>>> print(open('structure-v1.pdb').read())   # PDB, C-alpha atoms, pLDDT in the B column
ATOM      1  CA  MET V   5       1.303 -26.799  -0.463  1.00 77.00           C
ATOM      2  CA  SER V   6       0.956 -23.609   1.590  1.00 89.00           C
ATOM      3  CA  VAL V   7       1.645 -20.182   0.171  1.00 92.00           C
ATOM      4  CA  GLU V   8       4.583 -19.791   2.584  1.00 89.00           C
ATOM      5  CA  ASN V   9       6.315 -22.911   1.262  1.00 90.00           C
ATOM      6  CA  HIS V  10       5.199 -22.749  -2.352  1.00 93.00           C
ATOM      7  CA  LEU V  11       7.692 -23.694  -5.076  1.00 93.00           C
ATOM      8  CA  THR V  12       7.525 -20.150  -6.446  1.00 94.00           C
ATOM      9  CA  ARG V  13       8.580 -18.562  -3.148  1.00 95.00           C
ATOM     10  CA  VAL V  14      11.937 -16.804  -3.603  1.00 95.00           C
ATOM     11  CA  ARG V  15      14.204 -17.036  -0.584  1.00 91.00           C
ATOM     12  CA  CYS V  16      16.611 -14.195   0.109  1.00 89.00           C
ATOM     13  CA  ASP V  17      18.901 -12.927   2.864  1.00 92.00           C
ATOM     14  CA  ASN V  18      16.821  -9.802   3.459  1.00 94.00           C
ATOM     15  CA  SER V  19      14.131 -10.737   5.993  1.00 95.00           C
ATOM     16  CA  LYS V  20      12.043  -7.722   4.964  1.00 97.00           C
ATOM     17  CA  LEU V  21      11.435  -9.043   1.437  1.00 97.00           C
ATOM     18  CA  TYR V  22       8.737 -11.605   0.659  1.00 97.00           C
ATOM     19  CA  ARG V  23       8.650 -12.639  -2.964  1.00 97.00           C
ATOM     20  CA  TRP V  24       6.922 -15.125  -5.243  1.00 97.00           C
ATOM     21  CA  LYS V  25       8.078 -15.480  -8.842  1.00 96.00           C
ATOM     22  CA  SER V  26       6.933 -17.773 -11.640  1.00 96.00           C
ATOM     23  CA  LEU V  27       9.185 -20.703 -12.509  1.00 95.00           C
ATOM     24  CA  GLU V  28      10.943 -20.845 -15.864  1.00 94.00           C
ATOM     25  CA  ALA V  29       8.319 -21.362 -18.567  1.00 94.00           C
ATOM     26  CA  ASN V  30       8.290 -24.541 -20.616  1.00 97.00           C
ATOM     27  CA  THR V  31       5.657 -23.267 -23.048  1.00 97.00           C
ATOM     28  CA  PRO V  32       4.895 -19.834 -24.538  1.00 95.00           C
ATOM     29  CA  PHE V  33       1.511 -19.884 -22.748  1.00 96.00           C
ATOM     30  CA  ALA V  34       2.750 -20.442 -19.223  1.00 95.00           C
ATOM     31  CA  PRO V  35       1.861 -17.606 -16.794  1.00 93.00           C
ATOM     32  CA  PHE V  36       4.442 -15.082 -15.673  1.00 94.00           C
ATOM     33  CA  PHE V  37       4.335 -13.217 -12.377  1.00 95.00           C
ATOM     34  CA  ASP V  38       6.705 -11.502  -9.996  1.00 96.00           C
ATOM     35  CA  PHE V  39       5.167 -10.552  -6.663  1.00 97.00           C
ATOM     36  CA  PRO V  40       7.547  -8.781  -4.240  1.00 97.00           C
ATOM     37  CA  ILE V  41       6.297  -7.388  -0.909  1.00 98.00           C
ATOM     38  CA  TYR V  42       8.517  -5.389   1.444  1.00 98.00           C
ATOM     39  CA  VAL V  43       7.756  -5.253   5.171  1.00 98.00           C
ATOM     40  CA  ASP V  44       9.470  -2.496   7.153  1.00 98.00           C
ATOM     41  CA  LYS V  45       9.068  -1.384  10.755  1.00 97.00           C
ATOM     42  CA  TYR V  46       8.686   2.261  11.837  1.00 97.00           C
ATOM     43  CA  ASP V  47       8.981   3.546  15.379  1.00 94.00           C
ATOM     44  CA  ARG V  48       6.043   3.614  17.764  1.00 95.00           C
ATOM     45  CA  LYS V  49       6.134   7.405  18.192  1.00 96.00           C
ATOM     46  CA  LEU V  50       5.563   8.023  14.486  1.00 97.00           C
ATOM     47  CA  ALA V  51       2.671   5.545  14.522  1.00 97.00           C
ATOM     48  CA  ASN V  52       1.121   7.144  17.607  1.00 96.00           C
ATOM     49  CA  ASP V  53       1.451  10.632  16.123  1.00 97.00           C
ATOM     50  CA  LEU V  54      -0.328   9.472  12.966  1.00 97.00           C
ATOM     51  CA  VAL V  55      -3.172   7.993  15.021  1.00 96.00           C
ATOM     52  CA  LYS V  56      -3.479  11.277  16.901  1.00 94.00           C
ATOM     53  CA  LEU V  57      -3.606  13.225  13.638  1.00 94.00           C
ATOM     54  CA  ILE V  58      -6.236  10.938  12.096  1.00 92.00           C
ATOM     55  CA  SER V  59      -8.453  10.854  15.162  1.00 89.00           C
ATOM     56  CA  GLU V  60      -8.254  14.566  16.025  1.00 85.00           C
ATOM     57  CA  LYS V  61      -8.855  15.702  12.446  1.00 81.00           C
ATOM     58  CA  SER V  62     -11.508  13.002  11.767  1.00 79.00           C
ATOM     59  CA  ILE V  63      -9.553  11.755   8.752  1.00 83.00           C
ATOM     60  CA  GLY V  64     -10.447   8.388   7.284  1.00 82.00           C
ATOM     61  CA  ASP V  65     -13.728   7.333   8.883  1.00 80.00           C
ATOM     62  CA  PHE V  66     -15.362   5.385   6.036  1.00 73.00           C
ATOM     63  CA  ARG V  67     -18.713   5.426   7.831  1.00 75.00           C
ATOM     64  CA  LYS V  68     -18.886   9.129   7.020  1.00 72.00           C
ATOM     65  CA  GLY V  69     -18.853   8.324   3.298  1.00 65.00           C
ATOM     66  CA  GLN V  70     -17.224   5.658   1.163  1.00 64.00           C
ATOM     67  CA  GLU V  71     -15.692   8.189  -1.240  1.00 75.00           C
ATOM     68  CA  ILE V  72     -14.055  10.455   1.338  1.00 81.00           C
ATOM     69  CA  TRP V  73     -10.692   8.784   0.775  1.00 83.00           C
ATOM     70  CA  LEU V  74     -10.740   9.975  -2.852  1.00 85.00           C
ATOM     71  CA  THR V  75     -11.083  13.660  -1.988  1.00 87.00           C
ATOM     72  CA  TYR V  76      -7.869  14.609  -0.186  1.00 91.00           C
ATOM     73  CA  ASN V  77      -4.167  13.937   0.209  1.00 95.00           C
ATOM     74  CA  LEU V  78      -2.830  13.368   3.715  1.00 96.00           C
ATOM     75  CA  PHE V  79       0.591  14.500   2.497  1.00 97.00           C
ATOM     76  CA  ASP V  80      -0.739  18.024   1.907  1.00 96.00           C
ATOM     77  CA  ARG V  81      -0.823  18.514   5.662  1.00 95.00           C
ATOM     78  CA  LYS V  82       1.879  20.559   7.384  1.00 94.00           C
ATOM     79  CA  GLU V  83       2.296  18.565  10.593  1.00 96.00           C
ATOM     80  CA  GLU V  84       5.878  17.406  11.180  1.00 96.00           C
ATOM     81  CA  VAL V  85       4.789  13.767  11.441  1.00 97.00           C
ATOM     82  CA  VAL V  86       3.590  13.875   7.822  1.00 97.00           C
ATOM     83  CA  LYS V  87       7.023  14.952   6.557  1.00 97.00           C
ATOM     84  CA  ASP V  88       8.729  12.370   8.772  1.00 98.00           C
ATOM     85  CA  PHE V  89       6.407   9.698   7.413  1.00 98.00           C
ATOM     86  CA  ALA V  90       7.126  10.659   3.793  1.00 98.00           C
ATOM     87  CA  ASP V  91      10.879  10.574   4.456  1.00 98.00           C
ATOM     88  CA  ARG V  92      10.641   7.101   5.988  1.00 98.00           C
ATOM     89  CA  ILE V  93       8.552   5.839   3.079  1.00 98.00           C
ATOM     90  CA  TYR V  94      11.192   7.062   0.649  1.00 98.00           C
ATOM     91  CA  GLN V  95      13.933   5.262   2.627  1.00 98.00           C
ATOM     92  CA  THR V  96      11.907   2.051   2.434  1.00 98.00           C
ATOM     93  CA  TYR V  97      11.321   2.649  -1.276  1.00 98.00           C
ATOM     94  CA  VAL V  98      15.085   2.882  -1.858  1.00 98.00           C
ATOM     95  CA  GLU V  99      15.778  -0.291   0.145  1.00 97.00           C
ATOM     96  CA  TYR V 100      13.027  -2.177  -1.669  1.00 98.00           C
ATOM     97  CA  ASN V 101      14.201  -1.249  -5.153  1.00 97.00           C
ATOM     98  CA  LYS V 102      17.870  -1.883  -4.400  1.00 96.00           C
ATOM     99  CA  GLU V 103      17.018  -5.334  -3.069  1.00 96.00           C
ATOM    100  CA  LEU V 104      15.160  -6.101  -6.315  1.00 96.00           C
ATOM    101  CA  GLY V 105      17.895  -4.618  -8.502  1.00 95.00           C
ATOM    102  CA  TYR V 106      15.687  -1.814  -9.826  1.00 96.00           C
ATOM    103  CA  SER V 107      16.706   1.808 -10.241  1.00 95.00           C
ATOM    104  CA  CYS V 108      15.398   4.339  -7.719  1.00 96.00           C
ATOM    105  CA  LEU V 109      13.825   7.603  -8.772  1.00 98.00           C
ATOM    106  CA  PRO V 110      14.714  10.769  -6.823  1.00 98.00           C
ATOM    107  CA  LYS V 111      12.121  12.412  -4.580  1.00 98.00           C
ATOM    108  CA  ASP V 112      11.330  15.099  -7.147  1.00 97.00           C
ATOM    109  CA  LYS V 113      10.403  12.432  -9.697  1.00 98.00           C
ATOM    110  CA  LEU V 114       7.935  10.646  -7.433  1.00 98.00           C
ATOM    111  CA  TRP V 115       4.442  11.724  -6.357  1.00 98.00           C
ATOM    112  CA  ILE V 116       2.569  10.449  -3.327  1.00 98.00           C
ATOM    113  CA  ARG V 117      -1.006  10.505  -2.086  1.00 97.00           C
ATOM    114  CA  GLY V 118      -2.185   9.122   1.237  1.00 96.00           C
ATOM    115  CA  TRP V 119      -5.399   8.690   3.200  1.00 95.00           C
ATOM    116  CA  GLY V 120      -6.394   7.462   6.638  1.00 94.00           C
ATOM    117  CA  THR V 121      -8.626   4.483   7.282  1.00 92.00           C
ATOM    118  CA  ILE V 122     -10.656   3.898  10.437  1.00 92.00           C
ATOM    119  CA  LEU V 123     -12.445   0.554  10.711  1.00 92.00           C
ATOM    120  CA  HIS V 124     -14.994   0.165  13.502  1.00 92.00           C
ATOM    121  CA  ALA V 125     -16.122  -3.144  15.013  1.00 93.00           C
ATOM    122  CA  GLY V 126     -17.115  -5.508  12.199  1.00 93.00           C
ATOM    123  CA  ASP V 127     -15.821  -3.217   9.419  1.00 92.00           C
ATOM    124  CA  TYR V 128     -13.625  -4.710   6.712  1.00 91.00           C
ATOM    125  CA  LEU V 129     -12.170  -3.886   3.300  1.00 91.00           C
ATOM    126  CA  LEU V 130     -13.184  -5.954   0.294  1.00 93.00           C
ATOM    127  CA  GLU V 131     -10.562  -7.337  -2.051  1.00 95.00           C
ATOM    128  CA  HIS V 132      -9.204  -4.626  -4.318  1.00 94.00           C
ATOM    129  CA  CYS V 133      -6.118  -3.242  -6.016  1.00 94.00           C
ATOM    130  CA  HIS V 134      -5.009   0.370  -6.383  1.00 93.00           C
ATOM    131  CA  SER V 135      -4.057   0.358 -10.064  1.00 92.00           C
ATOM    132  CA  SER V 136      -3.919  -2.001 -13.036  1.00 90.00           C
ATOM    133  CA  ASN V 137      -2.840   0.015 -16.075  1.00 90.00           C
ATOM    134  CA  GLU V 138       0.486   0.034 -17.879  1.00 93.00           C
ATOM    135  CA  ASN V 139       1.801   2.891 -15.708  1.00 94.00           C
ATOM    136  CA  THR V 140       1.071   1.181 -12.386  1.00 95.00           C
ATOM    137  CA  TYR V 141       3.783   1.681  -9.786  1.00 97.00           C
ATOM    138  CA  LEU V 142       3.743   1.177  -5.985  1.00 98.00           C
ATOM    139  CA  SER V 143       1.345   1.274  -3.053  1.00 98.00           C
ATOM    140  CA  GLY V 144       1.661   0.729   0.654  1.00 98.00           C
ATOM    141  CA  PHE V 145       0.227   1.180   4.100  1.00 98.00           C
ATOM    142  CA  ILE V 146       1.267   1.546   7.717  1.00 98.00           C
ATOM    143  CA  SER V 147      -0.602  -0.379  10.410  1.00 97.00           C
ATOM    144  CA  LEU V 148      -1.458   1.800  13.389  1.00 96.00           C
ATOM    145  CA  SER V 149      -3.316  -0.787  15.487  1.00 94.00           C
ATOM    146  CA  THR V 150      -2.679  -4.326  16.722  1.00 92.00           C
ATOM    147  CA  LEU V 151      -6.140  -5.849  17.043  1.00 93.00           C
ATOM    148  CA  GLY V 152      -5.708  -9.313  15.572  1.00 91.00           C
ATOM    149  CA  THR V 153      -6.599  -8.299  12.007  1.00 93.00           C
ATOM    150  CA  THR V 154      -4.649  -9.270   8.915  1.00 95.00           C
ATOM    151  CA  THR V 155      -4.163  -7.870   5.442  1.00 97.00           C
ATOM    152  CA  ASP V 156      -4.584 -10.746   3.011  1.00 97.00           C
ATOM    153  CA  PHE V 157      -2.731 -10.713  -0.319  1.00 98.00           C
ATOM    154  CA  ASN V 158      -3.951 -12.666  -3.321  1.00 96.00           C
ATOM    155  CA  ILE V 159      -0.797 -13.933  -5.010  1.00 95.00           C
ATOM    156  CA  PRO V 160      -1.398 -14.410  -8.757  1.00 93.00           C
ATOM    157  CA  TYR V 161      -2.046 -18.027  -9.795  1.00 93.00           C
ATOM    158  CA  ILE V 162      -0.911 -19.246  -6.355  1.00 93.00           C
ATOM    159  CA  SER V 163      -3.579 -18.149  -3.896  1.00 94.00           C
ATOM    160  CA  PHE V 164      -6.306 -19.978  -5.835  1.00 90.00           C
ATOM    161  CA  ASP V 165      -4.921 -23.264  -4.482  1.00 90.00           C
ATOM    162  CA  ALA V 166      -2.546 -22.249  -1.686  1.00 92.00           C
ATOM    163  CA  GLY V 167      -4.671 -19.528  -0.060  1.00 93.00           C
ATOM    164  CA  TYR V 168      -4.010 -15.889   0.727  1.00 96.00           C
ATOM    165  CA  TRP V 169      -0.749 -14.685   2.213  1.00 96.00           C
ATOM    166  CA  LYS V 170      -1.929 -13.234   5.522  1.00 96.00           C
ATOM    167  CA  LEU V 171       0.103 -10.438   7.082  1.00 95.00           C
ATOM    168  CA  LYS V 172      -0.701  -9.625  10.704  1.00 94.00           C
ATOM    169  CA  ASN V 173      -1.388  -5.929  11.279  1.00 95.00           C
ATOM    170  CA  ILE V 174       1.135  -4.727  13.867  1.00 95.00           C
ATOM    171  CA  ILE V 175       1.611  -1.121  14.987  1.00 97.00           C
ATOM    172  CA  GLY V 176       4.343   0.572  12.960  1.00 97.00           C
ATOM    173  CA  GLU V 177       4.722  -2.066  10.255  1.00 97.00           C
ATOM    174  CA  THR V 178       4.817  -0.475   6.819  1.00 98.00           C
ATOM    175  CA  ILE V 179       4.305  -2.484   3.655  1.00 98.00           C
ATOM    176  CA  LEU V 180       5.275  -1.670   0.050  1.00 98.00           C
ATOM    177  CA  PHE V 181       3.892  -3.675  -2.861  1.00 98.00           C
ATOM    178  CA  PRO V 182       3.052  -3.321  -6.573  1.00 98.00           C
ATOM    179  CA  SER V 183      -0.170  -1.330  -6.925  1.00 97.00           C
ATOM    180  CA  TRP V 184      -1.793  -4.111  -8.969  1.00 97.00           C
ATOM    181  CA  ALA V 185      -1.609  -6.515  -6.007  1.00 97.00           C
ATOM    182  CA  MET V 186      -5.054  -7.704  -4.944  1.00 97.00           C
ATOM    183  CA  HIS V 187      -5.581  -7.541  -1.176  1.00 97.00           C
ATOM    184  CA  LYS V 188      -8.260  -7.256   1.491  1.00 96.00           C
ATOM    185  CA  VAL V 189      -8.606  -6.636   5.214  1.00 95.00           C
ATOM    186  CA  ASP V 190     -10.642  -8.962   7.403  1.00 91.00           C
ATOM    187  CA  ALA V 191     -13.289  -7.701   9.818  1.00 93.00           C
ATOM    188  CA  ASN V 192     -12.243  -5.834  12.936  1.00 93.00           C
ATOM    189  CA  PRO V 193     -13.119  -8.344  15.701  1.00 94.00           C
ATOM    190  CA  THR V 194     -12.902  -5.840  18.561  1.00 95.00           C
ATOM    191  CA  MET V 195     -14.815  -2.835  19.840  1.00 94.00           C
ATOM    192  CA  GLU V 196     -11.725  -0.662  19.335  1.00 94.00           C
ATOM    193  CA  LYS V 197     -11.126   1.361  16.186  1.00 93.00           C
ATOM    194  CA  ARG V 198      -8.562   0.000  13.725  1.00 94.00           C
ATOM    195  CA  TYR V 199      -6.328   2.762  12.349  1.00 95.00           C
ATOM    196  CA  SER V 200      -4.080   2.711   9.299  1.00 96.00           C
ATOM    197  CA  VAL V 201      -2.746   5.006   6.587  1.00 97.00           C
ATOM    198  CA  SER V 202      -2.566   3.852   2.971  1.00 96.00           C
ATOM    199  CA  PHE V 203      -0.685   5.547   0.152  1.00 97.00           C
ATOM    200  CA  ASP V 204       0.100   5.333  -3.549  1.00 97.00           C
ATOM    201  CA  ILE V 205       3.366   6.332  -5.204  1.00 98.00           C
ATOM    202  CA  PHE V 206       3.314   7.557  -8.786  1.00 97.00           C
ATOM    203  CA  THR V 207       5.833   8.318 -11.507  1.00 97.00           C
ATOM    204  CA  GLU V 208       5.594  11.060 -14.097  1.00 96.00           C
ATOM    205  CA  GLU V 209       4.078   8.526 -16.512  1.00 95.00           C
ATOM    206  CA  SER V 210       1.428   7.671 -13.914  1.00 93.00           C
ATOM    207  CA  MET V 211       0.531  11.333 -13.464  1.00 93.00           C
ATOM    208  CA  ASN V 212       0.295  11.978 -17.195  1.00 92.00           C
ATOM    209  CA  TYR V 213      -1.902   8.907 -17.635  1.00 90.00           C
ATOM    210  CA  ALA V 214      -4.273  10.179 -14.948  1.00 88.00           C
ATOM    211  CA  LYS V 215      -4.465  13.643 -16.545  1.00 86.00           C
ATOM    212  CA  ILE V 216      -5.418  12.170 -19.912  1.00 85.00           C
ATOM    213  CA  ASN V 217      -7.859   9.547 -18.655  1.00 79.00           C
ATOM    214  CA  ARG V 218      -9.565  11.249 -15.722  1.00 70.00           C
ATOM    215  CA  THR V 219     -13.326  11.782 -15.594  1.00 65.00           C
ATOM    216  CA  LYS V 220     -14.036  15.440 -14.863  1.00 60.00           C
ATOM    217  CA  GLY V 221     -16.442  16.387 -12.107  1.00 53.00           C
ATOM    218  CA  ARG V 222     -16.479  13.035 -10.320  1.00 58.00           C
ATOM    219  CA  ASN V 223     -14.739  11.493  -7.335  1.00 55.00           C
ATOM    220  CA  THR V 224     -12.787   8.764  -9.097  1.00 69.00           C
ATOM    221  CA  THR V 225      -9.453   7.094  -8.552  1.00 73.00           C
ATOM    222  CA  GLY V 226      -8.167   8.837 -11.690  1.00 75.00           C
ATOM    223  CA  ASN V 227      -8.967  12.260 -10.284  1.00 84.00           C
ATOM    224  CA  SER V 228      -7.560  11.352  -6.884  1.00 89.00           C
ATOM    225  CA  VAL V 229      -4.167  10.670  -8.484  1.00 92.00           C
ATOM    226  CA  LEU V 230      -4.009  14.340  -9.448  1.00 91.00           C
ATOM    227  CA  LEU V 231      -4.146  15.265  -5.752  1.00 94.00           C
ATOM    228  CA  SER V 232      -0.710  13.713  -5.363  1.00 96.00           C
ATOM    229  CA  LYS V 233       2.309  15.744  -4.282  1.00 97.00           C
ATOM    230  CA  ARG V 234       5.973  15.380  -5.133  1.00 98.00           C
ATOM    231  CA  ILE V 235       7.711  13.655  -2.233  1.00 98.00           C
ATOM    232  CA  SER V 236      10.372  16.368  -2.362  1.00 98.00           C
ATOM    233  CA  GLU V 237       7.685  18.949  -1.565  1.00 97.00           C
ATOM    234  CA  VAL V 238       6.061  17.204   1.401  1.00 96.00           C
TER     235      VAL V 238
END
>>> encode(input="structure-v1.pdb", output="structure tokens")
Amino acid sequence: MSVENHLTRVRCDNSKLYRWKSLEANTPFAPFFDFPIYVDKYDRKLANDLVKLISEKSIGDFRKGQEIWLTYNLFDRKEEVVKDFADRIYQTYVEYNKELGYSCLPKDKLWIRGWGTILHAGDYLLEHCHSSNENTYLSGFISLSTLGTTTDFNIPYISFDAGYWKLKNIIGETILFPSWAMHKVDANPTMEKRYSVSFDIFTEESMNYAKINRTKGRNTTGNSVLLSKRISEV
């Protein structure tokens, strides 16, 4: 059975929502999971402006150092496209949570950090997640290139047999997902650069957790959380 047609796939009227949820348990040891992914589409101008910003400011080239992405927050920048991008992300966030029946936090109760990614020919991203502690919230990315690559999501307990859920990277498509979701990006098969912007969204609990558990003096994911900015202040 493919991941698209798996028994745990939840069908809904909103074509932007892709969701897999565990069936009702018959034993106390049966696994539980709820894996909702939201796929939105932003306009081409915003995507092009982000590419221009990343390329002109040399933001996100991993070949210049694997830890560069930990050292800055794209949403600290003052360019108008950055504010527009943050506003669109928040709109998607509201849609996503309303569709799932969850409450939405206001902009001043959410923090965001973003970074650019440039993948050259043959470059790829290994499987990873952005957070896995009890205060984990949301992550996302916007695709800024259409080069035949995919972002591959490992759906808990399902992908082992049914395979990854592969999402084609299309210019302007913006994805929101739980930060614990394991995912990877396959190798860039072209000689063109593959551009994208990734981001994490945090709650007050997330920020407090990072403050308590960070490792001082090192470029770590915990310290990078503290570079986040309230969405209301972008």
>>> closest_atom_pairs(input="structure-v1.pdb", of="range 61-171 of chain V", to="range 20-42 of chain V", cutoff="9 Å", atoms="only C-alpha atoms", output="JSON lines")
{"residue": "V:Thr96", "atom": "CA", "partner": "V:Tyr42", "partner_atom": "CA", "distance": 8.2}
{"residue": "V:Tyr97", "atom": "CA", "partner": "V:Tyr42", "partner_atom": "CA", "distance": 8.9}
{"residue": "V:Glu99", "atom": "CA", "partner": "V:Tyr42", "partner_atom": "CA", "distance": 9.0}
{"residue": "V:Tyr100", "atom": "CA", "partner": "V:Tyr42", "partner_atom": "CA", "distance": 6.4}
{"residue": "V:Glu103", "atom": "CA", "partner": "V:Leu21", "partner_atom": "CA", "distance": 8.1}
{"residue": "V:Leu104", "atom": "CA", "partner": "V:Pro40", "partner_atom": "CA", "distance": 8.3}
{"residue": "V:Ile159", "atom": "CA", "partner": "V:Phe39", "partner_atom": "CA", "distance": 7.1}
{"residue": "V:Pro160", "atom": "CA", "partner": "V:Phe37", "partner_atom": "CA", "distance": 6.9}
{"residue": "V:Tyr161", "atom": "CA", "partner": "V:Pro35", "partner_atom": "CA", "distance": 8.0}
{"residue": "V:Ile162", "atom": "CA", "partner": "V:Trp24", "partner_atom": "CA", "distance": 8.9}
>>> closest_residue(input="structure-v1.pdb", among="V:Asp65, V:Leu180, V:Lys111, V:Gly126", to="Met195 in chain V", atoms="all atoms listed in the file")
V:Gly126
>>> closest_residue(input="structure-v1.pdb", among="V:Ile216, V:Leu171, V:Ala166, V:Ala125", to="Asn192 in chain V", atoms="all atoms listed in the file")
V:Ala125
>>> resolve_selection(input="structure-v1.pdb", expression="the PyMOL selection byres ((chain V and resi 153) around 9)", output="ChimeraX atom specification")
/V:149-152,154-155,171-174,189-193,198
>>> atom_distance(input="structure-v1.pdb", atom1="CA of Asn227 in chain V", atom2="CA of Leu50 in chain V")
29.0 Å
